[in-house]
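Have a look at the structure below before the remarks.
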Amino acid sequence: MADEIRIGQRAIRLKNSDITDMEVECFVYYARSDLKLGAGYGGAIAVRGGPQIQKTLDEMAPIGPCEAVITDAGELKAKYIIHANGPKFQEEDAESKLKTTILNALRLADDKGIRQLALPTMGTGFYGIPLDRSADVSLNTVKNYLQNDTGIEEIIFCAIDSREYLPFRTQLDKMA
């Protein structure tokens, strides 16, 4: 069973961790269109990162479906946060929209010169994307992206608990 696969010189890794507490160059936050930092990871970003993050987001809001914006990470261990507005609550074409959201976040990271990026289990939990579908779409989208011309060297998928971790581990094993 693999916690990592290699795509040439690049790596996709899986960790059981709180994404907002990781020492990583940048992480992705699954954002709302109004860019308000709510509960869960949003609350952690607001409290641990400081009020400047929300102030910056207020100036950027709103963003459209599948769009992403980047901010500094304030007092967090990361340097940047990509706020990506993915599909929610069983939207039509949710898988296609999830793929587009991830691609837009990856392109934004590339444009910023980011080499290390962490992603959560995109759209799961509150937003209702089933874990197995998120794992399949997310990991395959990232794998395909890393096979092309990119400066990103490492992508880490963060699962907060075993419920999130296992479907991603299963999908990663299929790809190894």
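Labels used: A, B, ... for chains in the order of the structure tokens, numbers from 1 for residues in each chain, and numbers from 1 for ligands as shown.
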
**OP:** Once DSSP has gone over the backbone, tell me which residues of chain A are in strand (DSSP E or B), as a ChimeraX atom specification.
**Re:** /A:4-7,10-16,26-30,68-72,80-84,116-120,154-159

Selection to disk with N, CA and C atoms, as a tab-separated table (two decimals), in the first residue's frame:
chain	number	residue	atom	x	y	z
A	4	GLU	N	2.60	7.26	-1.43
A	4	GLU	CA	3.25	8.13	-2.40
A	4	GLU	C	3.37	7.41	-3.73
A	5	ILE	N	3.18	8.16	-4.80
A	5	ILE	CA	3.53	7.67	-6.13
A	5	ILE	C	4.39	8.75	-6.79
A	6	ARG	N	5.23	8.31	-7.70
A	6	ARG	CA	6.10	9.22	-8.43
A	6	ARG	C	5.59	9.36	-9.85
A	7	ILE	N	5.66	10.59	-10.35
A	7	ILE	CA	5.35	10.90	-11.74
A	7	ILE	C	6.64	11.52	-12.27
A	10	ARG	N	8.46	14.05	-10.02
A	10	ARG	CA	7.46	14.67	-9.17
A	10	ARG	C	6.78	13.63	-8.28
A	11	ALA	N	6.18	14.09	-7.18
A	11	ALA	CA	5.55	13.17	-6.24
A	11	ALA	C	4.13	13.59	-5.89
A	12	ILE	N	3.28	12.59	-5.72
A	12	ILE	CA	1.96	12.76	-5.12
A	12	ILE	C	2.00	11.98	-3.82
A	13	ARG	N	1.70	12.68	-2.72
A	13	ARG	CA	1.75	12.05	-1.40
A	13	ARG	C	0.40	12.16	-0.71
A	14	LEU	N	0.18	11.28	0.23
A	14	LEU	CA	-1.03	11.28	1.04
A	14	LEU	C	-0.61	11.33	2.50
A	15	LYS	N	-1.19	12.29	3.25
A	15	LYS	CA	-0.89	12.43	4.67
A	15	LYS	C	-2.18	12.55	5.46
A	16	ASN	N	-2.14	12.06	6.68
A	16	ASN	CA	-3.23	12.24	7.62
A	16	ASN	C	-2.84	13.44	8.47
A	26	CYS	N	2.26	26.05	-0.01
A	26	CYS	CA	0.91	26.53	-0.31
A	26	CYS	C	-0.09	25.41	-0.08
A	27	PHE	N	-1.27	25.77	0.36
A	27	PHE	CA	-2.34	24.77	0.41
A	27	PHE	C	-3.61	25.35	-0.20
A	28	VAL	N	-4.48	24.44	-0.61
A	28	VAL	CA	-5.75	24.81	-1.23
A	28	VAL	C	-6.84	24.72	-0.17
A	29	TYR	N	-7.69	25.73	-0.16
A	29	TYR	CA	-8.87	25.76	0.70
A	29	TYR	C	-10.09	25.73	-0.21
A	30	TYR	N	-11.03	24.86	0.08
A	30	TYR	CA	-12.26	24.73	-0.70
A	30	TYR	C	-13.21	25.84	-0.28
A	68	ALA	N	-10.41	30.22	-8.81
A	68	ALA	CA	-9.52	30.19	-7.67
A	68	ALA	C	-8.75	31.50	-7.58
A	69	VAL	N	-8.45	31.92	-6.34
A	69	VAL	CA	-7.63	33.10	-6.08
A	69	VAL	C	-6.58	32.71	-5.04
A	70	ILE	N	-5.52	33.50	-4.97
A	70	ILE	CA	-4.44	33.19	-4.03
A	70	ILE	C	-4.20	34.37	-3.09
A	71	THR	N	-3.92	34.04	-1.82
A	71	THR	CA	-3.58	35.04	-0.82
A	71	THR	C	-2.35	34.57	-0.06
A	72	ASP	N	-1.74	35.51	0.66
A	72	ASP	CA	-0.72	35.12	1.63
A	72	ASP	C	-1.42	34.30	2.71
A	80	TYR	N	1.34	30.57	1.22
A	80	TYR	CA	0.17	30.99	0.44
A	80	TYR	C	-1.00	30.04	0.66
A	81	ILE	N	-2.20	30.57	0.37
A	81	ILE	CA	-3.42	29.78	0.33
A	81	ILE	C	-4.10	30.04	-1.00
A	82	ILE	N	-4.46	28.98	-1.69
A	82	ILE	CA	-5.30	29.09	-2.89
A	82	ILE	C	-6.72	28.78	-2.46
A	83	HIS	N	-7.62	29.71	-2.69
A	83	HIS	CA	-9.03	29.59	-2.32
A	83	HIS	C	-9.78	29.20	-3.60
A	84	ALA	N	-10.28	27.97	-3.65
A	84	ALA	CA	-10.90	27.43	-4.87
A	84	ALA	C	-12.38	27.16	-4.64
A	116	GLN	N	5.49	23.27	-4.15
A	116	GLN	CA	4.90	22.31	-3.21
A	116	GLN	C	3.50	22.78	-2.84
A	117	LEU	N	2.53	21.91	-3.04
A	117	LEU	CA	1.13	22.27	-2.86
A	117	LEU	C	0.40	21.15	-2.11
A	118	ALA	N	-0.39	21.53	-1.13
A	118	ALA	CA	-1.22	20.56	-0.42
A	118	ALA	C	-2.69	20.81	-0.76
A	119	LEU	N	-3.42	19.73	-0.93
A	119	LEU	CA	-4.85	19.82	-1.22
A	119	LEU	C	-5.63	19.02	-0.18
A	120	PRO	N	-6.81	19.51	0.20
A	120	PRO	CA	-7.67	18.72	1.08
A	120	PRO	C	-8.40	17.66	0.25
A	154	GLU	N	5.79	18.66	-5.92
A	154	GLU	CA	5.17	17.80	-4.91
A	154	GLU	C	3.75	18.26	-4.62
A	155	ILE	N	2.82	17.30	-4.64
A	155	ILE	CA	1.44	17.57	-4.25
A	155	ILE	C	1.09	16.60	-3.14
A	156	ILE	N	0.61	17.17	-2.05
A	156	ILE	CA	0.26	16.38	-0.87
A	156	ILE	C	-1.24	16.47	-0.67
A	157	PHE	N	-1.92	15.33	-0.64
A	157	PHE	CA	-3.33	15.30	-0.29
A	157	PHE	C	-3.42	15.07	1.21
A	158	CYS	N	-4.17	15.93	1.89
A	158	CYS	CA	-4.30	15.85	3.34
A	158	CYS	C	-5.69	15.36	3.71
A	159	ALA	N	-5.71	14.31	4.47
A	159	ALA	CA	-6.96	13.78	5.01
A	159	ALA	C	-6.94	14.02	6.51

**OP:** Would you kindly return, as a PyMOL selection string, each protein, DNA or RNA residue with an atom no farther than 10 Å from any atom of region 86-90 of chain A, considering only C-alpha atoms and excluding same-chain residues fewer than 6 positions away?
**Re:** chain A and resi 29-33+64-68+96-102+122-124+126-130

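Interatomic distance, CA of Ala39 (chain A) against CA of Asp93 (chain A): 25.9 Å.
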
**OP:** For CA of Ser17 (chain A) and CA of Gln147 (chain A), quote the distance in Å rounded to one decimal.
**Re:** 26.0 Å

Original post:
What gap, in Å, lies between CA of Asn104 (chain A) and CA of Lys79 (chain A)?
Top reply: 18.8 Å

Original post:
Of the candidates A:Glu25, A:Asp161, A:Asp136, A:Asp149, which shows the shortest atom-to-atom distance to Met175 (chain A), using only C-alpha atoms?
Top reply: A:Asp136

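Residues in contact with Glu164 (chain A) at up to 8 Å, not including ones fewer than 4 positions away on its chain and judged by only C-alpha atoms, are Thr121, Leu131, Ala159, Ile160 and Phe168 of chain A.
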